[in-house]
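Below is one structure; the comments refer to it alone.
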Amino acid sequence: MKNEAITSRDVDFAKWYTDVVRAAKLADYTSVKGCIAIEPNGYAIWEKIQAIMDAKFKELGHVNVQMPFLIPESLFNQEKELIEGFAPELLWATEAGSKKLEERCAIRSTSETLFCDYYKKHIRSYKDLPKLYNQWCNVFRYEKETRPFLRSREFLWQEGHTVHATAEEAERETKQMMEVYRWFNHEILAIPSITGKKTEKEKFAGAEYTITNEDLMYNGVCLQDGTSHYFGQKFSKAYDVKFTNKDNKEEYAYYTTWGKTTRAIAAIIMVHADDYGLVLPPRIAPKQVVIIPIGQDERVNELCNRYKEELTQNGVDCYIDNSDKSPGFKFAEAEVNGIPIRIEVGARDLEKNIITIARRDTREKMTIDLSTDVILYTKGLLEIIQKDMYERAVERRNKLTFEAHNLDDMEKILNTQPGFIHGMWCGDEACENKIKEIKGCKSRCIVEDGKRIDDKCVCCGKEAKYHVIWGIQY
RNA sequence: CGGGAAGUAGCACAGCUUGGUAGUGCACUAGUUUUGGGAACUAGGGGUCGCAGGUUCGAAUCCUGUCUUCCCGACCA
C-alpha cells in the first residue's frame, strides 16, 4: 500500500523529498531557520558514513583534530579570494552579554584559515611533513533557501586539511581523497557518481583546482557530493606556512583540502528512495534486517531470537520489532524507514515450515524453507540488493545522460528532461555564462576520458578544448 | 528585495459567507479484545483560535493595524 504521507515522486519531486525525510524520521525542522534537528534515524546513517570514511582516512594515515568554532576576522582577511567567496554567507559573532569580543569572529564556514594558522606554528622542517589532519564538525553558511540535508545553514561534514613538502605529493593526495569519495559513493552508497575537475568559474574560492563528485538525482538534477581541492602554495603564502626543505632552503608548503557533508544523505534519498519511503543500500543501512514476529507464539519468538543472535554473530545489523503494533504497521514502518530486508516469522508459515522474507528495494516477498540456511541466504541477499541498487542507479543515470552539439540541443534537452549533458567547450567563461541563461544550467565537471563528442564548442562553435558535463544543480 | 498563500490542540484541517457552549481526523493516556500490509471498542487528557486595537450585550467569525511562516524569481556543500 502506498504511503499516504508521501507525495508521489513523479507528481511533485520537491515535496516528495521532504515527505520522505519526515516520514522516515530522518530530520525535522526547528525554530531556527535552516537548522534542522537530525533525528535518530538520520543520525544513525551519518554515524555509519562517519565510521566507514573515518576508517578509510585512518588507513591512509590521517588523524583527527578539532579546531575552533570561531574565526577572527583578521585571520579570514588574509586570503582575499576566500573572504570574497564566503563573505555573503558568513555569520558574525561580536559580543557576549554586555562585553564586546576581543575581535569580531566568523562562525566557521570552512576552516582553511584555522588550519593554516595552526600549521604555521608547527611546521619547521620538511621532516614535519606531511601533516594529514581531518576534522568532523559542524559549519554555518547563511543560505536563503534551505532544505533538510540538501542545503541547510548549519550542516555536518568532515574537512581534511593536509600540507606537503612537494607539489607532486600534494596533488597525489588531492586525487587520492577524491578516489576515496568516488569509492564511497559507488561501493557504499550505490551511487554512480561522475568525477572530474571543476572549471575556473566553479572551483572553490582560492583553490588552484577542484575535483568533484557529481551525482545525478532521480529527477535529473545534479548534486555536488564530495570535493577535493588542490591549493598549491596559495594559502601557505597568504598564511605564511613555510618549512626548510632538504636543500636547507625556505619553501612554502603545498596544501590540500577535501570534504564531504550530510548532503550525502540527501543524495541517498534522491537516488534510491521511492513513493513508499526511504530505501537504504545495505552497506550504509544502520539496521540491515528487521525481524517481525507475527502473533503470540512461543515457537515464533524462539525462532526470532535465534535469527537475531545468529545474524548478529555474522556481522549483520538487525533487530526484532517487538513493539505492540500490528504486523501491518510494522511492515509499513520498516518499509518507510528503508530497512533492506524484512524477515516475517508467523505461526501460519511455520506450520508449512517456511518463513517470509521481503526485500525493500523491489518490494518482493519470498518464502523460504526452514531447512535452508537463513543466515547465509540473508547475507547473500544483502549483497544482491546492494548490487541491484547500484545497477538500477547506473541505468537511471545513463537514461538521463545526453549529448549536445549546439545551444539548440542544450535548450531542447533542458526543456524536456534535464540530466547529465555532455557537451564540448572552448574554455571561455563567456560561453559558460551564456549556457547558464538556459534554466541556470552550469558546468558540472570536465571529464578527462579523452572522448571527444564534437570538435566545436557547444556554445560558440569555436574549437573545443574540454569535454564537459553540464546540468542543473541543487 | 519583488509576486502568491497561510496562521484554530503535537500534526493535518473544518468552523468564518449569515457573530451566540471550541469541533473533526491522526497522535497521546488507561483498560479489554486483537495480531499475515498502517487493528477494534470503551473511557480520558489536551485550546488565552498568531498578536494588538476597534465595532458589539456578545468576536475564531466583522474592521484596522501588526508579526510570523511557507511557496516562486538573483547566490550556494
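Here, A, B, ... name the chains of the C-alpha cells in the order displayed, residue numbers run from 1 inside each chain, and ligands are numbered from 1 in the same displayed order.
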6 Å contacts from chain A to chain B using only C-alpha atoms (C1' of nucleotides), as a ChimeraX atom specification
/A:295,326,328-329
May I have the residues from that selection written out with C-alpha atoms, as a PDB file, in the first residue's frame?
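Output file selection.pdb follows:
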ATOM      1  CA  GLY A 295       1.139 -13.312  16.707  1.00  0.00           C
ATOM      2  CA  SER A 326       0.061  -4.752  14.394  1.00  0.00           C
ATOM      3  CA  GLY A 328       0.824  -4.430   9.072  1.00  0.00           C
ATOM      4  CA  PHE A 329       2.088  -1.399  10.917  1.00  0.00           C
TER       5      PHE A 329
END
Output as a VMD selection string all residues of region 182-396 of chain A that backbone DSSP marks as strand (DSSP E or B).
chain A and resid 194 to 197 209 to 216 222 to 232 242 to 244 250 to 252 254 to 261 274 277 289 to 294 318 to 320 341 to 346 354 to 359 365 to 369
Exercise: region 251-258 of chain A partners within 7 Å, only C-alpha atoms (C1' of nucleotides), chain neighbours under 4 positions left out, as a VMD selection string
chain A and resid 159 to 167 170 174 177 227 to 233 236 to 237 241 to 245
Test item: residues at most 10 Å from G46 (chain B), only C-alpha atoms (C1' of nucleotides), excluding those fewer than 2 positions along its chain, as a compact mmCIF listing (two decimals) with C-alpha atoms (C1' of nucleotides), in the first residue's frame:
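Listing of selection_37.txt after writing:
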# COMPACT_ATOMS: atom_id res chain seq x y z
C1' A B 9 -4.81 21.04 20.41
C1' G B 10 1.65 17.83 18.97
C1' C B 28 -1.36 10.81 23.14
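Of the residues listed (A:Glu298, A:Glu95, A:Glu214, A:Glu351), A:Glu214 shows the shortest atom-to-atom separation from Arg444 (chain A); distances use only C-alpha atoms.
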Do you know which residues are at most 9 Å from region 141-151 of chain A counting only C-alpha atoms (C1' of nucleotides), after dropping those on the same chain fewer than 3 positions away, and could you put them as an mmCIF file with N, CA and C atoms (P, O5', C5', C4', C3', O3' and C1' of nucleotides), in the first residue's frame?
data_model
loop_
_atom_site.group_PDB
_atom_site.id
_atom_site.type_symbol
_atom_site.label_atom_id
_atom_site.label_comp_id
_atom_site.auth_asym_id
_atom_site.auth_seq_id
_atom_site.Cartn_x
_atom_site.Cartn_y
_atom_site.Cartn_z
ATOM 1 N N THR A 18 10.909 16.067 0.807
ATOM 2 C CA THR A 18 10.731 16.440 2.214
ATOM 3 C C THR A 18 9.760 15.479 2.916
ATOM 4 N N VAL A 21 11.846 12.573 4.007
ATOM 5 C CA VAL A 21 12.660 12.950 5.170
ATOM 6 C C VAL A 21 11.828 12.899 6.447
ATOM 7 N N ALA A 27 14.935 13.741 9.828
ATOM 8 C CA ALA A 27 15.198 15.069 10.384
ATOM 9 C C ALA A 27 13.892 15.836 10.465
ATOM 10 N N ASP A 28 13.901 16.872 11.301
ATOM 11 C CA ASP A 28 12.726 17.723 11.410
ATOM 12 C C ASP A 28 13.174 19.182 11.400
ATOM 13 N N TYR A 29 12.245 20.047 11.085
ATOM 14 C CA TYR A 29 12.514 21.478 11.145
ATOM 15 C C TYR A 29 12.594 21.907 12.604
ATOM 16 N N LYS A 33 15.681 28.898 11.546
ATOM 17 C CA LYS A 33 15.609 28.757 10.089
ATOM 18 C C LYS A 33 16.877 28.119 9.534
ATOM 19 N N GLY A 34 16.689 27.105 8.706
ATOM 20 C CA GLY A 34 17.828 26.494 8.036
ATOM 21 C C GLY A 34 18.667 25.567 8.897
ATOM 22 N N CYS A 35 18.264 25.383 10.142
ATOM 23 C CA CYS A 35 18.998 24.470 11.008
ATOM 24 C C CYS A 35 18.057 23.345 11.411
ATOM 25 N N ILE A 36 18.398 22.127 11.004
ATOM 26 C CA ILE A 36 17.488 21.019 11.241
ATOM 27 C C ILE A 36 17.876 20.232 12.481
ATOM 28 N N ILE A 38 18.543 16.665 13.392
ATOM 29 C CA ILE A 38 18.758 15.355 12.787
ATOM 30 C C ILE A 38 18.286 14.326 13.799
ATOM 31 N N PHE A 86 33.300 33.798 0.446
ATOM 32 C CA PHE A 86 32.410 33.403 1.536
ATOM 33 C C PHE A 86 31.668 34.556 2.199
ATOM 34 N N PRO A 88 29.264 36.669 1.707
ATOM 35 C CA PRO A 88 27.805 36.759 1.845
ATOM 36 C C PRO A 88 27.208 35.709 2.766
ATOM 37 N N GLU A 89 27.968 34.646 3.063
ATOM 38 C CA GLU A 89 27.408 33.541 3.845
ATOM 39 C C GLU A 89 27.868 33.541 5.292
ATOM 40 N N LEU A 90 28.750 34.474 5.646
ATOM 41 C CA LEU A 90 29.330 34.433 6.986
ATOM 42 C C LEU A 90 28.414 35.031 8.037
ATOM 43 N N LEU A 91 28.352 34.342 9.168
ATOM 44 C CA LEU A 91 27.627 34.839 10.325
ATOM 45 C C LEU A 91 28.664 35.315 11.328
ATOM 46 N N ILE A 107 31.514 32.688 12.580
ATOM 47 C CA ILE A 107 31.224 31.286 12.869
ATOM 48 C C ILE A 107 31.819 30.520 11.689
ATOM 49 N N ARG A 108 32.558 29.435 11.954
ATOM 50 C CA ARG A 108 33.292 28.800 10.856
ATOM 51 C C ARG A 108 32.346 28.337 9.737
ATOM 52 N N SER A 109 32.755 28.628 8.526
ATOM 53 C CA SER A 109 32.024 28.158 7.351
ATOM 54 C C SER A 109 32.883 27.125 6.644
ATOM 55 N N THR A 110 34.178 27.182 6.942
ATOM 56 C CA THR A 110 35.185 26.264 6.445
ATOM 57 C C THR A 110 36.452 26.668 7.174
ATOM 58 N N GLU A 154 23.264 25.316 8.901
ATOM 59 C CA GLU A 154 24.257 24.562 9.651
ATOM 60 C C GLU A 154 24.263 23.160 9.063
ATOM 61 N N PHE A 155 25.439 22.628 8.811
ATOM 62 C CA PHE A 155 25.488 21.232 8.401
ATOM 63 C C PHE A 155 26.726 20.558 8.971
ATOM 64 N N LEU A 223 23.918 16.933 -8.304
ATOM 65 C CA LEU A 223 24.279 17.250 -6.927
ATOM 66 C C LEU A 223 25.769 17.045 -6.721
ATOM 67 N N THR A 261 29.793 16.006 3.126
ATOM 68 C CA THR A 261 28.839 16.526 4.108
ATOM 69 C C THR A 261 27.614 15.629 4.295
ATOM 70 N N THR A 262 26.756 16.071 5.203
ATOM 71 C CA THR A 262 25.485 15.372 5.436
ATOM 72 C C THR A 262 24.599 15.414 4.189
ATOM 73 N N ARG A 263 25.020 16.189 3.202
ATOM 74 C CA ARG A 263 24.282 16.206 1.947
ATOM 75 C C ARG A 263 24.235 14.807 1.312
ATOM 76 N N ALA A 264 25.205 13.977 1.664
ATOM 77 C CA ALA A 264 25.216 12.605 1.141
ATOM 78 C C ALA A 264 23.896 11.903 1.450
ATOM 79 N N ILE A 265 23.297 12.272 2.576
ATOM 80 C CA ILE A 265 22.013 11.660 2.948
ATOM 81 C C ILE A 265 20.925 12.102 1.969
ATOM 82 N N ALA A 266 20.999 13.356 1.543
ATOM 83 C CA ALA A 266 20.056 13.842 0.526
ATOM 84 C C ALA A 266 20.227 13.051 -0.766
ATOM 85 N N ALA A 267 21.473 12.762 -1.103
ATOM 86 C CA ALA A 267 21.749 12.013 -2.333
ATOM 87 C C ALA A 267 21.180 10.603 -2.254
ATOM 88 N N TYR A 474 21.484 21.368 -7.671
ATOM 89 C CA TYR A 474 20.808 21.752 -6.431
ATOM 90 C C TYR A 474 21.645 22.766 -5.708
ATOM 91 P P C B 75 23.269 33.863 -9.703
ATOM 92 O "O5'" C B 75 23.847 34.386 -8.306
ATOM 93 C "C5'" C B 75 25.177 34.055 -7.939
ATOM 94 C "C4'" C B 75 25.317 33.937 -6.453
ATOM 95 C "C3'" C B 75 25.820 32.587 -5.938
ATOM 96 O "O3'" C B 75 27.243 32.509 -5.955
ATOM 97 C "C1'" C B 75 23.938 33.275 -4.659
ATOM 98 P P C B 76 27.970 31.081 -5.933
ATOM 99 O "O5'" C B 76 27.586 30.543 -4.489
ATOM 100 C "C5'" C B 76 28.325 29.485 -3.907
ATOM 101 C "C4'" C B 76 27.513 28.780 -2.864
ATOM 102 C "C3'" C B 76 27.424 27.272 -3.041
ATOM 103 O "O3'" C B 76 28.514 26.619 -2.426
ATOM 104 C "C1'" C B 76 25.261 28.169 -2.602
ATOM 105 P P A B 77 29.375 25.483 -3.265
ATOM 106 O "O5'" A B 77 29.294 24.240 -2.290
ATOM 107 C "C5'" A B 77 30.480 23.599 -1.861
ATOM 108 C "C4'" A B 77 30.070 22.227 -1.377
ATOM 109 C "C3'" A B 77 28.894 21.694 -2.149
ATOM 110 O "O3'" A B 77 29.335 20.836 -3.190
ATOM 111 C "C1'" A B 77 28.497 21.580 0.213
#
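Considering the residues A:Pro40, A:Glu173, A:Val290, A:Val394 and counting only C-alpha atoms, Ala358 (chain A) has its shortest atom-to-atom contact with A:Val290.
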Hey, what's within 10 Å of region 434-440 of chain A if we count only C-alpha atoms (C1' of nucleotides) and toss same-chain stuff fewer than 4 positions away? As a PyMOL selection string, please?
chain A and resi 407+410-412+414-415+418+429-430+458-460+470-473
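If only C-alpha atoms are the atoms counted, then among A:Ala332, A:Ile49, A:Val345, A:Leu278 the closest residue to Val300 (chain A) is A:Val345.
Proximity to Gly42 (chain A) was assessed for A:Gln386, A:Asn353, A:Asn337, A:Thr362 counting only C-alpha atoms; the smallest distance is recorded for A:Asn337.
In this structure, CA of Leu216 (chain A) sits 17.7 Å away from CA of Glu202 (chain A).
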Near-Ile45 (chain A) list (7 Å; only C-alpha atoms (C1' of nucleotides); drop same-chain fewer than 4 positions) as JSON, numbers by chain
{"A": [41, 49, 284, 285, 286]}
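Using only C-alpha atoms (C1' of nucleotides), the smallest distance between any of B:C62, B:C49, B:A6, B:C1 and U18 (chain B) comes from B:C62.
Atom pair CA of Val289 (chain A) / CA of Ala5 (chain A): separated by 23.6 Å.
The smallest atom-to-atom distance between G45 (chain B) and any of B:U17, B:G58, B:U68, B:U29, using only C-alpha atoms (C1' of nucleotides), is found for B:U29.
The coordinates place CA of Glu187 (chain A) at 26.0 Å from CA of Phe13 (chain A).
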DSSP on the backbone: what in region 10-229 of chain A comes out helix (DSSP H, G or I), as a ChimeraX atom specification?
/A:13-23,40-59,73-76,80-89,112-122,126-128,167-188
Write the residues of the preceding selection, restricted to C-alpha atoms, as a tab-separated table (two decimals), in the first residue's frame.
chain	number	residue	atom	x	y	z
A	13	PHE	CA	9.62	15.79	-6.60
A	14	ALA	CA	10.46	18.55	-4.12
A	15	LYS	CA	7.51	17.74	-1.90
A	16	TRP	CA	8.22	14.02	-2.22
A	17	TYR	CA	11.74	14.61	-0.95
A	18	THR	CA	10.73	16.44	2.21
A	19	ASP	CA	7.88	13.98	2.78
A	20	VAL	CA	10.38	11.10	2.75
A	21	VAL	CA	12.66	12.95	5.17
A	22	ARG	CA	9.76	13.41	7.54
A	23	ALA	CA	8.10	10.03	7.09
A	40	PRO	CA	17.93	9.16	15.44
A	41	ASN	CA	17.19	7.51	12.09
A	42	GLY	CA	19.05	10.22	10.21
A	43	TYR	CA	21.92	10.48	12.62
A	44	ALA	CA	22.45	6.72	12.55
A	45	ILE	CA	23.08	6.99	8.81
A	46	TRP	CA	25.53	9.81	9.38
A	47	GLU	CA	27.31	7.75	12.06
A	48	LYS	CA	27.69	4.91	9.60
A	49	ILE	CA	29.01	7.29	6.94
A	50	GLN	CA	31.47	8.59	9.52
A	51	ALA	CA	32.55	5.15	10.63
A	52	ILE	CA	33.29	3.90	7.13
A	53	MET	CA	35.01	7.05	5.87
A	54	ASP	CA	36.91	7.64	9.09
A	55	ALA	CA	38.35	4.13	8.94
A	56	LYS	CA	39.42	4.76	5.36
A	57	PHE	CA	41.05	8.10	6.23
A	58	LYS	CA	42.98	6.50	9.05
A	59	GLU	CA	44.03	3.59	6.86
A	73	GLU	CA	38.11	38.46	11.13
A	74	SER	CA	41.75	39.42	10.70
A	75	LEU	CA	42.63	35.79	10.03
A	76	PHE	CA	39.90	35.41	7.45
A	80	LYS	CA	41.41	37.59	-0.43
A	81	GLU	CA	39.65	35.07	-2.63
A	82	LEU	CA	38.43	33.07	0.33
A	83	ILE	CA	36.89	36.00	2.15
A	84	GLU	CA	35.37	37.28	-1.06
A	85	GLY	CA	33.95	33.89	-1.88
A	86	PHE	CA	32.41	33.40	1.54
A	87	ALA	CA	31.55	36.95	2.63
A	88	PRO	CA	27.80	36.76	1.85
A	89	GLU	CA	27.41	33.54	3.85
A	112	GLU	CA	41.36	26.65	5.98
A	113	THR	CA	42.24	29.78	7.94
A	114	LEU	CA	42.44	28.00	11.27
A	115	PHE	CA	44.38	25.06	9.92
A	116	CYS	CA	46.88	27.32	8.21
A	117	ASP	CA	47.24	29.36	11.36
A	118	TYR	CA	47.98	26.17	13.25
A	119	TYR	CA	50.33	24.70	10.66
A	120	LYS	CA	52.29	27.93	10.55
A	121	LYS	CA	53.23	27.41	14.20
A	122	HIS	CA	54.00	23.73	13.92
A	126	TYR	CA	60.38	19.01	5.68
A	127	LYS	CA	60.68	16.34	8.35
A	128	ASP	CA	57.48	17.72	9.93
A	167	ALA	CA	53.52	19.77	-5.18
A	168	GLU	CA	53.53	16.22	-6.56
A	169	GLU	CA	52.77	14.72	-3.19
A	170	ALA	CA	50.00	17.24	-2.50
A	171	GLU	CA	48.41	16.63	-5.89
A	172	ARG	CA	48.59	12.91	-5.27
A	173	GLU	CA	46.73	13.49	-2.01
A	174	THR	CA	44.06	15.55	-3.79
A	175	LYS	CA	43.49	12.76	-6.28
A	176	GLN	CA	43.68	10.01	-3.68
A	177	MET	CA	41.00	11.59	-1.49
A	178	MET	CA	38.71	12.13	-4.43
A	179	GLU	CA	39.21	8.47	-5.20
A	180	VAL	CA	38.09	7.69	-1.64
A	181	TYR	CA	34.91	9.70	-2.19
A	182	ARG	CA	34.33	8.06	-5.53
A	183	TRP	CA	34.81	4.63	-3.98
A	184	PHE	CA	32.48	5.51	-1.13
A	185	ASN	CA	29.68	6.66	-3.43
A	186	HIS	CA	29.94	3.75	-5.83
A	187	GLU	CA	30.66	0.91	-3.40
A	188	ILE	CA	28.86	2.00	-0.24
